[in-house]
$ cat run_28.cif   # mmCIF, C-alpha atoms
data_final
#
loop_
_atom_site.label_atom_id
_atom_site.label_comp_id
_atom_site.auth_asym_id
_atom_site.auth_seq_id
_atom_site.Cartn_x
_atom_site.Cartn_y
_atom_site.Cartn_z
CA MET A 15 -15.74 -33.35 13.60
CA SER A 16 -15.52 -29.59 13.20
CA SER A 17 -12.70 -27.31 14.21
CA LEU A 18 -12.35 -23.59 14.70
CA SER A 19 -9.47 -21.26 13.91
CA HIS A 20 -9.00 -17.56 14.17
CA VAL A 21 -6.72 -14.77 13.03
CA VAL A 22 -6.41 -11.40 14.72
CA LEU A 23 -6.18 -8.46 12.30
CA ARG A 24 -5.22 -5.26 14.06
CA ALA A 25 -5.81 -1.80 12.69
CA GLU A 26 -2.51 0.08 12.82
CA VAL A 27 -1.73 3.75 13.26
CA ARG A 28 0.04 4.77 10.06
CA GLU A 29 0.78 8.44 10.71
CA PHE A 30 2.29 9.56 13.99
CA VAL A 31 3.52 13.14 13.59
CA ARG A 32 2.57 16.07 11.42
CA ASP A 33 3.76 19.65 11.77
CA ALA A 34 5.07 22.40 9.54
CA GLN A 35 8.46 20.72 8.94
CA THR A 36 8.15 16.98 9.56
CA ARG A 37 5.76 14.10 9.04
CA THR A 38 6.24 10.51 10.16
CA LEU A 39 4.66 7.39 8.66
CA PHE A 40 5.05 3.77 9.79
CA ASP A 41 5.52 1.01 7.21
CA SER A 42 4.32 -2.16 8.93
CA GLY A 43 5.53 -4.40 6.11
CA ALA A 44 9.12 -3.15 6.16
CA LYS A 45 8.99 -2.42 9.93
CA ARG A 46 10.40 1.06 9.36
CA PHE A 47 9.48 4.64 10.13
CA LEU A 48 9.63 7.11 7.25
CA VAL A 49 10.29 10.66 8.40
CA PHE A 50 9.59 13.37 5.81
CA ARG A 51 11.74 16.47 6.34
CA ASP A 52 12.03 19.58 4.18
CA ASP A 53 15.40 19.32 2.42
CA THR A 54 16.92 22.72 1.69
CA THR A 55 20.16 21.15 0.38
CA VAL A 56 18.49 19.84 -2.78
CA SER A 57 15.54 22.18 -3.13
CA ALA A 58 17.52 24.55 -5.34
CA ASP A 59 17.81 21.79 -7.97
CA PHE A 60 14.04 21.38 -8.24
CA ARG A 61 11.26 23.78 -9.18
CA GLU A 62 8.89 22.00 -6.83
CA LYS A 63 9.02 21.48 -3.08
CA VAL A 64 11.38 18.68 -2.05
CA SER A 65 11.62 16.55 1.07
CA ALA A 66 14.18 13.96 2.13
CA ILE A 67 12.72 10.76 3.55
CA GLU A 68 14.79 9.59 6.48
CA VAL A 69 14.28 5.86 7.06
CA ILE A 70 14.50 4.53 10.61
CA THR A 71 14.49 0.77 11.16
CA THR A 72 12.63 -0.72 14.13
CA MET A 73 14.89 -3.79 14.15
CA GLU A 74 18.27 -4.11 15.86
CA SER A 75 19.86 -5.13 12.59
CA GLY A 76 18.78 -4.58 9.03
CA ARG A 77 19.66 -2.93 5.77
CA ILE A 78 20.11 0.83 6.11
CA VAL A 79 18.38 2.98 3.50
CA ALA A 80 19.95 6.34 2.66
CA PRO A 81 17.77 9.48 2.77
CA ILE A 82 15.50 9.57 -0.30
CA PRO A 83 14.64 12.89 -2.00
CA VAL A 84 11.02 13.16 -3.16
CA VAL A 85 9.32 15.93 -5.10
CA SER A 86 6.03 17.48 -3.94
CA PRO A 87 5.86 15.69 -0.56
CA ASP A 88 2.59 17.45 0.30
CA GLU A 89 0.87 15.22 -2.26
CA ILE A 90 1.95 11.99 -0.56
CA MET A 91 -0.94 10.26 1.20
CA ASP A 92 0.91 7.07 2.16
CA SER A 93 4.17 5.21 1.48
CA PHE A 94 5.24 1.57 1.33
CA PHE A 95 8.65 -0.10 0.92
CA SER A 96 8.88 -3.24 -1.18
CA LEU A 97 9.70 -6.37 0.81
CA ASP A 98 13.29 -6.35 -0.54
CA LEU A 99 13.63 -2.58 0.10
CA ASN A 100 14.52 -1.94 -3.55
CA PHE A 101 11.38 0.06 -4.34
CA LEU A 102 9.23 2.66 -2.64
CA ALA A 103 5.55 3.17 -3.45
CA LEU A 104 4.13 6.64 -2.78
CA GLN A 105 0.37 7.10 -2.98
CA ARG A 106 0.03 10.52 -4.59
CA SER A 107 -3.76 10.79 -4.77
CA ASP A 108 -6.99 8.79 -4.56
CA THR A 109 -6.30 7.43 -8.04
CA GLU A 110 -2.51 7.30 -8.50
CA VAL A 111 0.54 5.62 -6.94
CA GLU A 112 4.16 6.44 -7.82
CA ILE A 113 6.62 3.51 -7.86
CA MET A 114 10.25 4.55 -7.26
CA ASP A 115 13.26 2.38 -8.13
CA LEU A 116 15.68 3.33 -5.35
CA ALA A 117 18.75 2.12 -7.27
CA SER A 118 18.17 3.93 -10.57
CA LYS A 119 16.13 6.82 -9.05
CA SER A 120 13.60 6.35 -11.84
CA SER A 121 9.86 6.16 -11.23
CA PHE A 122 6.51 5.66 -12.91
CA ARG A 123 2.90 6.22 -11.89
CA GLN A 124 0.18 3.58 -11.76
CA THR A 125 -3.61 3.76 -11.52
CA CYS A 126 -6.35 1.16 -11.14
CA LYS A 127 -7.85 2.13 -14.47
CA SER A 128 -9.10 -0.76 -16.59
CA GLY A 129 -11.28 -0.38 -19.64
CA LYS A 130 -13.22 2.81 -20.27
CA GLY A 131 -14.22 5.48 -17.80
CA ALA A 132 -12.56 7.24 -14.93
CA ALA A 133 -10.03 5.46 -12.72
CA PRO A 134 -11.56 3.98 -9.56
CA LYS A 135 -10.48 5.17 -6.14
CA ILE A 136 -7.38 3.58 -4.60
CA LEU A 137 -8.00 2.38 -1.05
CA GLY A 138 -4.52 1.01 -0.45
CA PHE A 139 -1.35 -0.67 -1.72
CA ILE A 140 0.19 -4.07 -0.87
CA TRP A 141 3.62 -5.38 -1.90
CA THR A 142 3.56 -9.14 -2.54
CA GLN A 143 6.64 -9.98 -4.70
CA ASN A 144 5.63 -13.63 -4.92
CA GLY A 145 6.83 -14.40 -8.45
CA LEU A 146 3.47 -14.09 -10.20
CA PHE A 147 2.88 -10.45 -9.33
CA ASP A 148 4.72 -7.78 -7.36
CA PHE A 149 2.01 -5.58 -5.88
CA ILE A 150 -1.72 -5.18 -5.48
CA LEU A 151 -3.72 -1.99 -5.72
CA VAL A 152 -6.84 -2.28 -3.57
CA CYS A 153 -9.50 -0.21 -5.32
CA THR A 154 -13.21 0.42 -5.02
CA THR A 155 -13.75 -1.90 -8.00
CA GLY A 156 -11.61 -4.79 -6.77
CA LEU A 157 -8.03 -6.05 -6.47
CA PHE A 158 -5.58 -5.14 -9.27
CA SER A 159 -2.51 -7.42 -9.30
CA TYR A 160 0.54 -6.07 -11.17
CA LYS A 161 3.92 -7.43 -12.28
CA LEU A 162 6.84 -5.01 -12.67
CA ASN A 163 8.52 -4.82 -16.08
CA ALA A 164 12.06 -6.17 -16.43
CA ASN A 165 13.58 -2.68 -16.12
CA ALA A 166 10.95 -1.52 -13.59
CA SER A 167 9.81 1.22 -15.98
CA GLY A 168 6.19 0.19 -15.66
CA ALA A 169 3.90 -2.64 -14.60
CA LYS A 170 1.62 -5.11 -16.36
CA LEU A 171 -1.84 -5.94 -15.05
CA VAL A 172 -1.84 -9.67 -14.29
CA LYS A 173 -5.31 -10.03 -12.79
CA HIS A 174 -8.30 -7.91 -11.80
CA THR A 175 -10.45 -9.53 -9.13
CA LYS A 176 -13.70 -7.66 -9.62
CA LEU A 177 -15.77 -6.87 -6.54
CA PRO A 178 -16.98 -3.66 -4.88
CA ILE A 179 -14.77 -2.81 -1.89
CA HIS A 180 -15.66 -0.19 0.74
CA TRP A 181 -12.70 -0.64 3.10
CA TYR A 182 -10.13 -3.27 4.00
CA ILE A 183 -7.43 -4.25 6.48
CA TYR A 184 -4.31 -6.31 5.74
CA SER A 185 -1.92 -8.29 7.93
CA PHE A 186 1.64 -8.70 6.63
CA ASP A 187 2.30 -11.41 9.22
CA THR A 188 -0.53 -13.67 7.99
CA ARG A 189 -0.81 -12.28 4.43
CA ILE A 190 -4.56 -12.03 4.94
CA LEU A 191 -6.68 -9.24 3.47
CA LEU A 192 -10.18 -8.69 4.84
CA ALA A 193 -12.45 -6.47 2.74
CA SER A 194 -15.95 -5.08 3.22
CA ILE A 195 -17.83 -5.94 0.03
CA GLY A 196 -21.49 -5.51 1.02
CA SER A 197 -23.91 -3.10 -0.57
CA VAL A 198 -23.49 0.61 -0.06
CA ASP A 199 -26.41 0.62 2.36
CA THR A 200 -25.17 -2.23 4.58
CA SER A 201 -21.46 -2.96 3.84
CA ASN A 202 -21.65 -5.77 6.40
CA VAL A 203 -20.41 -8.59 4.15
CA LEU A 204 -16.71 -9.39 4.65
CA GLN A 205 -14.57 -11.28 2.14
CA GLY A 206 -11.14 -12.62 3.05
CA PHE A 207 -8.15 -13.33 0.79
CA GLN A 208 -4.84 -14.98 1.69
CA MET A 209 -1.79 -14.06 -0.43
CA GLN A 210 0.26 -17.26 -0.51
CA SER A 211 4.01 -17.18 -1.18
CA SER A 212 3.47 -19.26 -4.34
CA GLY A 213 1.46 -16.39 -5.84
CA THR A 214 -1.90 -18.04 -5.38
CA VAL A 215 -4.62 -15.85 -3.90
CA VAL A 216 -6.99 -18.03 -1.84
CA LYS A 217 -10.51 -16.77 -1.24
CA ILE A 218 -11.76 -17.23 2.31
CA PRO A 219 -15.54 -17.84 2.54
CA LYS A 220 -17.35 -14.55 2.98
CA PHE A 221 -19.52 -13.89 5.99
CA GLU A 222 -21.82 -11.25 7.42
CA VAL A 223 -21.34 -9.27 10.61
CA ASP A 224 -23.77 -7.27 12.69
CA LEU A 225 -23.17 -3.54 12.45
CA PRO A 226 -24.49 -0.85 14.80
CA PRO A 227 -27.46 1.10 13.42
CA LYS A 228 -26.64 4.20 11.42
CA THR A 229 -27.22 7.48 13.21
#

$ encode --input "run_28.cif" --output "structure tokens"
Amino acid sequence: MSSLSHVVLRAEVREFVRDAQTRTLFDSGAKRFLVFRDDTTVSADFREKVSAIEVITTMESGRIVAPIPVVSPDEIMDSFFSLDLNFLALQRSDTEVEIMDLASKSSFRQTCKSGKGAAPKILGFIWTQNGLFDFILVCTTGLFSYKLNANASGAKLVKHTKLPIHWYIYSFDTRILLASIGSVDTSNVLQGFQMQSSGTVVKIPKFEVDLPPKT
């Protein structure tokens, strides 16, 4: 007897507002808006441009995060709070993510680089904090799972799941990642992964989908 199940993965709008002074991103994992505002009160202490991130919760109750000063906000492509709200990940470029410890104000930068050659492109960032590893960098050459050091001064690569990835979507509610892993010409093969709370990453059988013809 066979059975069917389904999961709905919705693409979310990450950036809502952009103008000369403000920029607003939505963190679906932490359920918070991050509003980047130019901060003239601290700019004099830095040689580079500084913004203060104002954090707005979407829940009626929840831990309040004080405004966070960040240097060179124009470089920030995306931002993600850790699940415990103790860290903030800022994607600075296609190849680099900055991890900020909000308690100590220290930070370090992480790439997907493994072995020789240039660092692969970062497609996204996922906080897991499941005991075995703390975050995943989704890159064009696969999934890089990292564990933070004891003093959060860096991170150790725990596992590199090698596969070519073109794009992906992730659901925090179901902990399911769906990635396009087909050839460059077709990219119609989808591979699913479920991030279990125990730290185990379960592969979901891959499948093909019909794509509209290229124009």

$ residues_around --input "run_28.cif" --residues "segment 168-174 of chain A" --least-positions-apart "5" --cutoff "7 Å" --atoms "all atoms listed in the file" --output "ChimeraX atom specification"
/A:122,147,156-163

$ closest_residue --input "run_28.cif" --among "A:Thr175, A:Gly145, A:Trp181, A:Val152" --to "Ser211 of chain A" --atoms "only C-alpha atoms"
A:Gly145

$ residues_around --input "run_28.cif" --residues "Leu97 of chain A" --least-positions-apart "6" --cutoff "10 Å" --atoms "all atoms listed in the file" --output "compact mmCIF listing (two decimals) with C-alpha atoms, in the coordinates of the input"
# COMPACT_ATOMS: atom_id res chain seq x y z
CA GLY A 43 5.53 -4.40 6.11
CA ALA A 44 9.12 -3.15 6.16
CA LYS A 45 8.99 -2.42 9.93
CA ILE A 140 0.19 -4.07 -0.87
CA TRP A 141 3.62 -5.38 -1.90
CA THR A 142 3.56 -9.14 -2.54
CA GLN A 143 6.64 -9.98 -4.70
CA ASP A 148 4.72 -7.78 -7.36

$ residues_around --input "run_28.cif" --residues "Leu177 of chain A" --least-positions-apart "5" --cutoff "12 Å" --atoms "all atoms listed in the file" --output "ChimeraX atom specification"
/A:152-158,193-197,203-205

$ atom_distance --input "run_28.cif" --atom1 "atom CA of Gly138 of chain A" --atom2 "atom CA of Val111 of chain A"
9.4 Å

$ resolve_selection --input "run_28.cif" --expression "the PyMOL selection byres ((chain A and resi 209) around 9)" --output "list in words"
Thr142, Asn144, Thr188, Arg189, Ile190, Leu191, Phe207, Gln208, Gln210, Ser211, Ser212, Gly213, Thr214, Val215 and Val216 of chain A

$ resolve_selection --input "run_28.cif" --expression "the PyMOL selection byres ((chain A and resi 218) around 6)" --output "PDB file with C-alpha atoms, keeping the file's coordinate frame"
ATOM      1  CA  GLY A 206     -11.140 -12.620   3.050  1.00  0.00           C
ATOM      2  CA  PHE A 207      -8.150 -13.330   0.790  1.00  0.00           C
ATOM      3  CA  LYS A 217     -10.510 -16.770  -1.240  1.00  0.00           C
ATOM      4  CA  PRO A 219     -15.540 -17.840   2.540  1.00  0.00           C
TER       5      PRO A 219
END

$ atom_distance --input "run_28.cif" --atom1 "atom CA of Ser93 of chain A" --atom2 "atom CA of Leu146 of chain A"
22.6 Å

$ axis_aligned_box --input "run_28.cif" --around "segment 93-104 of chain A" --padding-each-side "4 Å" --output "AutoDock Vina command-line options"
--center_x 9.3 --center_y 0.1 --center_z -1.4 --size_x 18.4 --size_y 21.0 --size_z 13.8

$ resolve_selection --input "run_28.cif" --expression "the PyMOL selection byres ((chain A and resi 135) around 7)" --output "list in words"
Asp108, Thr109, Ala133, Pro134, Ile136, Leu137, Cys153 and Thr154 of chain A

$ closest_residue --input "run_28.cif" --among "A:Asp41, A:Lys127, A:Pro81, A:Thr36" --to "Ala103 of chain A" --atoms "all atoms listed in the file"
A:Asp41

$ atom_distance --input "run_28.cif" --atom1 "atom CA of Phe101 of chain A" --atom2 "atom CA of Ser121 of chain A"
9.3 Å
